[in-house]
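K.L.:
Got a file for you: input_13.pdb, PDB, C-alpha atoms.
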MODEL        1
ATOM      1  CA  MET A   1      28.158  27.868  16.655
ATOM      2  CA  ASN A   2      29.611  26.379  13.461
ATOM      3  CA  ILE A   3      28.776  23.055  11.823
ATOM      4  CA  LYS A   4      30.101  21.196   8.797
ATOM      5  CA  ALA A   5      28.198  21.638   5.537
ATOM      6  CA  THR A   6      27.388  17.912   5.496
ATOM      7  CA  ASP A   7      25.413  18.333   8.748
ATOM      8  CA  ILE A   8      22.765  20.721   7.400
ATOM      9  CA  ARG A   9      19.182  19.436   7.317
ATOM     10  CA  ARG A  10      15.824  20.613   5.981
ATOM     11  CA  GLY A  11      14.247  23.285   8.226
ATOM     12  CA  MET A  12      17.575  24.272   9.800
ATOM     13  CA  VAL A  13      18.461  27.973  10.099
ATOM     14  CA  ILE A  14      21.947  29.078   8.969
ATOM     15  CA  VAL A  15      23.736  32.443   8.748
ATOM     16  CA  MET A  16      25.425  33.627   5.533
ATOM     17  CA  ASP A  17      26.711  37.163   4.934
ATOM     18  CA  GLY A  18      24.935  38.386   8.082
ATOM     19  CA  ASN A  19      21.484  37.134   6.940
ATOM     20  CA  ASN A  20      19.472  34.221   8.310
ATOM     21  CA  TYR A  21      18.414  31.533   5.821
ATOM     22  CA  VAL A  22      16.106  28.538   6.268
ATOM     23  CA  VAL A  23      17.222  25.347   4.482
ATOM     24  CA  HIS A  24      14.314  24.323   2.235
ATOM     25  CA  ASP A  25      16.050  21.424   0.542
ATOM     26  CA  PHE A  26      19.521  19.894   0.344
ATOM     27  CA  TYR A  27      21.303  17.213  -1.611
ATOM     28  CA  HIS A  28      24.631  15.519  -0.860
ATOM     29  CA  HIS A  29      26.527  15.073  -4.126
ATOM     30  CA  THR A  30      29.702  13.022  -4.554
ATOM     31  CA  PRO A  31      30.964  13.040  -8.139
ATOM     32  CA  GLY A  32      33.253  10.170  -9.114
ATOM     33  CA  ASN A  33      36.680  11.804  -9.042
ATOM     34  CA  LEU A  34      35.868  15.069  -7.238
ATOM     35  CA  ARG A  35      35.283  16.004  -3.596
ATOM     36  CA  ALA A  36      31.850  15.733  -1.983
ATOM     37  CA  MET A  37      29.591  18.781  -1.917
ATOM     38  CA  VAL A  38      26.187  19.824  -0.620
ATOM     39  CA  GLN A  39      23.710  21.583  -2.908
ATOM     40  CA  ALA A  40      21.161  23.539  -0.840
ATOM     41  CA  LYS A  41      18.053  25.586  -1.565
ATOM     42  CA  LEU A  42      17.905  28.425   0.972
ATOM     43  CA  LYS A  43      15.161  30.949   1.786
ATOM     44  CA  ASN A  44      16.207  34.396   3.000
ATOM     45  CA  MET A  45      14.201  35.187   6.140
ATOM     46  CA  GLN A  46      14.209  38.965   5.533
ATOM     47  CA  THR A  47      13.337  39.126   1.827
ATOM     48  CA  GLY A  48      11.679  35.737   1.260
ATOM     49  CA  SER A  49      13.806  35.088  -1.834
ATOM     50  CA  ILE A  50      15.064  31.574  -2.509
ATOM     51  CA  ILE A  51      18.635  30.928  -3.650
ATOM     52  CA  ASP A  52      20.667  27.872  -4.605
ATOM     53  CA  LYS A  53      24.004  27.525  -2.840
ATOM     54  CA  ARG A  54      26.739  24.926  -3.185
ATOM     55  CA  PHE A  55      28.946  24.122  -0.182
ATOM     56  CA  ARG A  56      32.111  22.043  -0.086
ATOM     57  CA  SER A  57      31.958  19.230   2.472
ATOM     58  CA  VAL A  58      34.733  20.893   4.521
ATOM     59  CA  ASP A  59      33.008  24.327   4.694
ATOM     60  CA  GLN A  60      32.013  25.575   8.156
ATOM     61  CA  ILE A  61      28.514  27.088   8.387
ATOM     62  CA  GLU A  62      27.367  29.408  11.177
ATOM     63  CA  VAL A  63      24.159  28.413  12.963
ATOM     64  CA  PRO A  64      22.318  30.965  15.176
ATOM     65  CA  PHE A  65      20.736  30.102  18.517
ATOM     66  CA  VAL A  66      17.441  28.404  17.698
ATOM     67  CA  GLU A  67      14.731  27.811  20.283
ATOM     68  CA  SER A  68      12.202  25.010  19.735
ATOM     69  CA  LYS A  69       8.682  24.862  21.169
ATOM     70  CA  GLU A  70       6.134  22.092  20.866
ATOM     71  CA  TYR A  71       2.933  22.985  19.009
ATOM     72  CA  GLU A  72      -0.129  21.022  17.945
ATOM     73  CA  TYR A  73      -1.726  21.411  14.513
ATOM     74  CA  LEU A  74      -5.405  22.350  14.927
ATOM     75  CA  TYR A  75      -6.973  23.201  11.558
ATOM     76  CA  SER A  76      -6.604  25.071   8.264
ATOM     77  CA  SER A  77      -8.767  27.906   7.030
ATOM     78  CA  GLY A  78      -8.047  28.874   3.442
ATOM     79  CA  ASP A  79      -4.327  29.595   3.177
ATOM     80  CA  GLU A  80      -3.821  29.916   6.927
ATOM     81  CA  HIS A  81      -2.840  27.005   9.177
ATOM     82  CA  VAL A  82      -3.518  27.277  12.915
ATOM     83  CA  PHE A  83      -1.209  25.738  15.526
ATOM     84  CA  MET A  84      -1.489  25.796  19.335
ATOM     85  CA  ASP A  85       1.370  26.036  21.839
ATOM     86  CA  THR A  86       0.947  22.935  24.037
ATOM     87  CA  SER A  87       2.211  24.684  27.195
ATOM     88  CA  THR A  88       0.529  28.133  27.015
ATOM     89  CA  PHE A  89      -2.388  27.259  24.679
ATOM     90  CA  ASP A  90      -1.583  30.353  22.557
ATOM     91  CA  GLN A  91      -2.507  29.958  18.896
ATOM     92  CA  LEU A  92      -0.285  30.897  15.946
ATOM     93  CA  THR A  93      -1.282  31.153  12.310
ATOM     94  CA  PHE A  94       1.286  30.129   9.696
ATOM     95  CA  SER A  95       1.251  30.906   5.991
ATOM     96  CA  PRO A  96       1.880  28.273   3.296
ATOM     97  CA  ASP A  97       5.288  29.893   2.641
ATOM     98  CA  MET A  98       6.537  28.899   6.073
ATOM     99  CA  ILE A  99       5.049  25.409   6.112
ATOM    100  CA  GLY A 100       5.743  24.432   2.497
ATOM    101  CA  ASP A 101       5.081  20.795   1.587
ATOM    102  CA  SER A 102       4.721  19.757   5.237
ATOM    103  CA  MET A 103       0.927  20.202   5.167
ATOM    104  CA  GLN A 104       0.498  16.946   3.245
ATOM    105  CA  TYR A 105       1.755  15.074   6.340
ATOM    106  CA  LEU A 106      -0.268  16.970   8.964
ATOM    107  CA  LEU A 107      -3.532  15.730  10.410
ATOM    108  CA  PRO A 108      -5.383  17.570  13.210
ATOM    109  CA  ASN A 109      -3.766  17.024  16.643
ATOM    110  CA  THR A 110      -0.336  16.218  15.157
ATOM    111  CA  LYS A 111       2.455  17.533  17.361
ATOM    112  CA  VAL A 112       5.263  19.476  15.651
ATOM    113  CA  SER A 113       8.279  21.437  16.812
ATOM    114  CA  VAL A 114       8.326  25.134  15.829
ATOM    115  CA  ARG A 115      11.760  26.726  15.563
ATOM    116  CA  TYR A 116      12.273  30.313  16.707
ATOM    117  CA  VAL A 117      15.160  32.670  15.909
ATOM    118  CA  ASP A 118      15.123  36.010  17.768
ATOM    119  CA  GLU A 119      11.618  35.170  19.101
ATOM    120  CA  LYS A 120      10.252  34.862  15.540
ATOM    121  CA  PRO A 121       8.925  31.519  14.216
ATOM    122  CA  VAL A 122      10.949  30.461  11.165
ATOM    123  CA  SER A 123      10.141  26.808  10.430
ATOM    124  CA  ILE A 124       8.383  23.696  11.662
ATOM    125  CA  GLU A 125       9.853  20.251  12.200
ATOM    126  CA  LEU A 126       7.595  17.259  11.610
ATOM    127  CA  PRO A 127       7.777  14.014  13.569
ATOM    128  CA  ASP A 128       9.929  11.381  11.832
ATOM    129  CA  THR A 129       6.894   9.256  10.929
ATOM    130  CA  VAL A 130       3.144   9.833  10.669
ATOM    131  CA  GLU A 131       0.199   7.447  10.350
ATOM    132  CA  HIS A 132      -2.308   8.026   7.549
ATOM    133  CA  THR A 133      -5.289   6.114   6.225
ATOM    134  CA  ILE A 134      -5.268   5.107   2.559
ATOM    135  CA  THR A 135      -8.327   6.518   0.758
ATOM    136  CA  ASP A 136      -7.694   5.461  -2.835
ATOM    137  CA  THR A 137      -5.565   2.780  -4.458
ATOM    138  CA  PRO A 138      -6.015   0.123  -7.146
ATOM    139  CA  PRO A 139      -7.489  -3.177  -5.860
ATOM    140  CA  SER A 140      -5.282  -5.503  -3.830
ATOM    141  CA  ILE A 141      -3.743  -8.453  -5.615
ATOM    142  CA  LYS A 142      -4.629 -11.733  -3.936
ATOM    143  CA  GLY A 143      -1.541 -13.571  -2.709
ATOM    144  CA  ALA A 144       0.783 -10.612  -3.352
ATOM    145  CA  THR A 145       2.717 -10.505  -0.111
ATOM    146  CA  ALA A 146       6.376 -10.657  -1.074
ATOM    147  CA  THR A 147       6.912  -8.648  -4.211
ATOM    148  CA  ASN A 148       9.048  -5.633  -4.960
ATOM    149  CA  GLN A 149       6.454  -3.973  -7.207
ATOM    150  CA  TYR A 150       4.657  -1.016  -5.693
ATOM    151  CA  LYS A 151       1.429   0.762  -6.627
ATOM    152  CA  GLU A 152       0.371   4.376  -6.113
ATOM    153  CA  ALA A 153      -1.960   5.228  -3.232
ATOM    154  CA  THR A 154      -3.574   8.434  -1.970
ATOM    155  CA  THR A 155      -3.856   9.215   1.741
ATOM    156  CA  GLU A 156      -6.541  11.184   3.588
ATOM    157  CA  THR A 157      -4.525  14.427   3.170
ATOM    158  CA  GLY A 158      -4.080  13.954  -0.584
ATOM    159  CA  LEU A 159      -0.465  12.760  -0.278
ATOM    160  CA  LYS A 160       0.478  10.304  -3.026
ATOM    161  CA  ILE A 161       2.857   7.510  -1.995
ATOM    162  CA  SER A 162       3.957   4.124  -3.306
ATOM    163  CA  VAL A 163       2.727   1.146  -1.294
ATOM    164  CA  PRO A 164       3.043  -2.641  -1.626
ATOM    165  CA  PRO A 165       0.296  -4.349  -3.656
ATOM    166  CA  PHE A 166      -1.410  -5.913  -0.595
ATOM    167  CA  ILE A 167      -2.372  -2.477   0.861
ATOM    168  CA  GLY A 168      -5.995  -1.513   0.214
ATOM    169  CA  PRO A 169      -8.314   1.448   0.882
ATOM    170  CA  GLY A 170      -9.116   2.038   4.556
ATOM    171  CA  GLU A 171      -5.815   0.625   5.840
ATOM    172  CA  LYS A 172      -3.474   2.686   8.031
ATOM    173  CA  VAL A 173       0.156   3.021   6.979
ATOM    174  CA  ARG A 174       3.200   4.628   8.550
ATOM    175  CA  ILE A 175       5.006   7.188   6.332
ATOM    176  CA  ASP A 176       8.522   8.585   6.780
ATOM    177  CA  THR A 177       8.209  12.410   6.631
ATOM    178  CA  ARG A 178      11.865  12.890   5.668
ATOM    179  CA  ASP A 179      11.562  11.186   2.279
ATOM    180  CA  GLY A 180       7.802  10.614   1.898
ATOM    181  CA  LYS A 181       8.091   6.829   1.614
ATOM    182  CA  TYR A 182       5.945   4.008   2.943
ATOM    183  CA  VAL A 183       7.434   2.380   6.061
ATOM    184  CA  GLU A 184       4.935  -0.242   7.204
ATOM    185  CA  ARG A 185       1.292  -1.121   7.692
ATOM    186  CA  VAL A 186      -0.116  -0.095  11.092
ATOM    187  CA  LYS A 187      -2.052  -2.795  12.880
TER     188      LYS A 187
ENDMDL
END
For this file, write the structure as structure tokens.

P.N.:
Amino acid sequence: MNIKATDIRRGMVIVMDGNNYVVHDFYHHTPGNLRAMVQAKLKNMQTGSIIDKRFRSVDQIEVPFVESKEYEYLYSSGDEHVFMDTSTFDQLTFSPDMIGDSMQYLLPNTKVSVRYVDEKPVSIELPDTVEHTITDTPPSIKGATATNQYKEATTETGLKISVPPFIGPGEKVRIDTRDGKYVERVK
């Protein structure tokens, strides 16, 4: 199956020159008087090397058949992260290389989708939003309810995000996992 270069997303598996690559990061770039392009950071699944690749917006990219299974994050032990298949209860251990920065969003019992290519796990897909409790932030400002100034806060996983000034320690917030930004306070 082929897709347009503008349709690639983080965690997606693509085929280039007969090798499978996982998209680690991408950026849509539209210079003023030139055509749009996509700058992607790709990880080779065989060698583990990471390359930068630029695609034109009209380029067609081959995508292999990818199977997704639902897993639940259980716990971490050192550099290994243990997930359980929710249908068979089999446990898989993933290295930090495969998970990347996603661990800062994962709390125990969080459900994720694990992508398989040729019966081999290649990446995980987080839910669109997660709920975390704020553990550390400067004191709330009394009466600050409608301001566009944000302050830095740390969540229970160590993730640092910007939150409105009325958010204090112990409050639950919803975070968008695609861009790592505060969405709303959870009641």

K.L.:
Once the PyMOL selection byres ((chain A and resi 136) around 7) has been evaluated on this model, what residues remain selected, and can you format them as a PyMOL selection string?

P.N.:
chain A and resi 134-135+137+153-154+169

K.L.:
What does the structure give for the distance between CA of Glu62 in chain A and CA of Met37 in chain A, in Å to one decimal?

P.N.:
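A separation of 17.0 Å between them.
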
K.L.:
Of the candidates A:Tyr73, A:Ile167, A:Asn20, A:Arg35, which one gets nearest to Thr47 in chain A if we count all atoms listed in the file?

P.N.:
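For Thr47 in chain A, the nearest of the given residues is A:Asn20.
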
K.L.:
Write out as a list in words which residues come within 10 Å of Asp59 in chain A when counting all atoms listed in the file, dropping same-chain ones fewer than 6 positions away.

P.N.:
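These residues fall inside the cut-off: Asn2, Ile3, Lys4, Ala5, Thr6, Met37 and Val38 of chain A.
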
K.L.:
Would you save the residues of that selection, restricted to C-alpha atoms, as an mmCIF file, keeping the file's coordinate frame?

P.N.:
data_model
loop_
_atom_site.group_PDB
_atom_site.id
_atom_site.type_symbol
_atom_site.label_atom_id
_atom_site.label_comp_id
_atom_site.auth_asym_id
_atom_site.auth_seq_id
_atom_site.Cartn_x
_atom_site.Cartn_y
_atom_site.Cartn_z
ATOM 1 C CA ASN A 2 29.611 26.379 13.461
ATOM 2 C CA ILE A 3 28.776 23.055 11.823
ATOM 3 C CA LYS A 4 30.101 21.196 8.797
ATOM 4 C CA ALA A 5 28.198 21.638 5.537
ATOM 5 C CA THR A 6 27.388 17.912 5.496
ATOM 6 C CA MET A 37 29.591 18.781 -1.917
ATOM 7 C CA VAL A 38 26.187 19.824 -0.620
#

K.L.:
Excluding Lys187 in chain A and any residue of its chain fewer than 2 positions from it, enumerate the residues within 10 Å of it, using only C-alpha atoms, and give them as a PyMOL selection string.

P.N.:
chain A and resi 171-173+184-185

K.L.:
Out of A:Thr110, A:Thr177, A:Ser68, A:Gln91, which residue has the shortest atom-to-atom distance to Asp128 in chain A when counting all atoms listed in the file?

P.N.:
A:Thr177
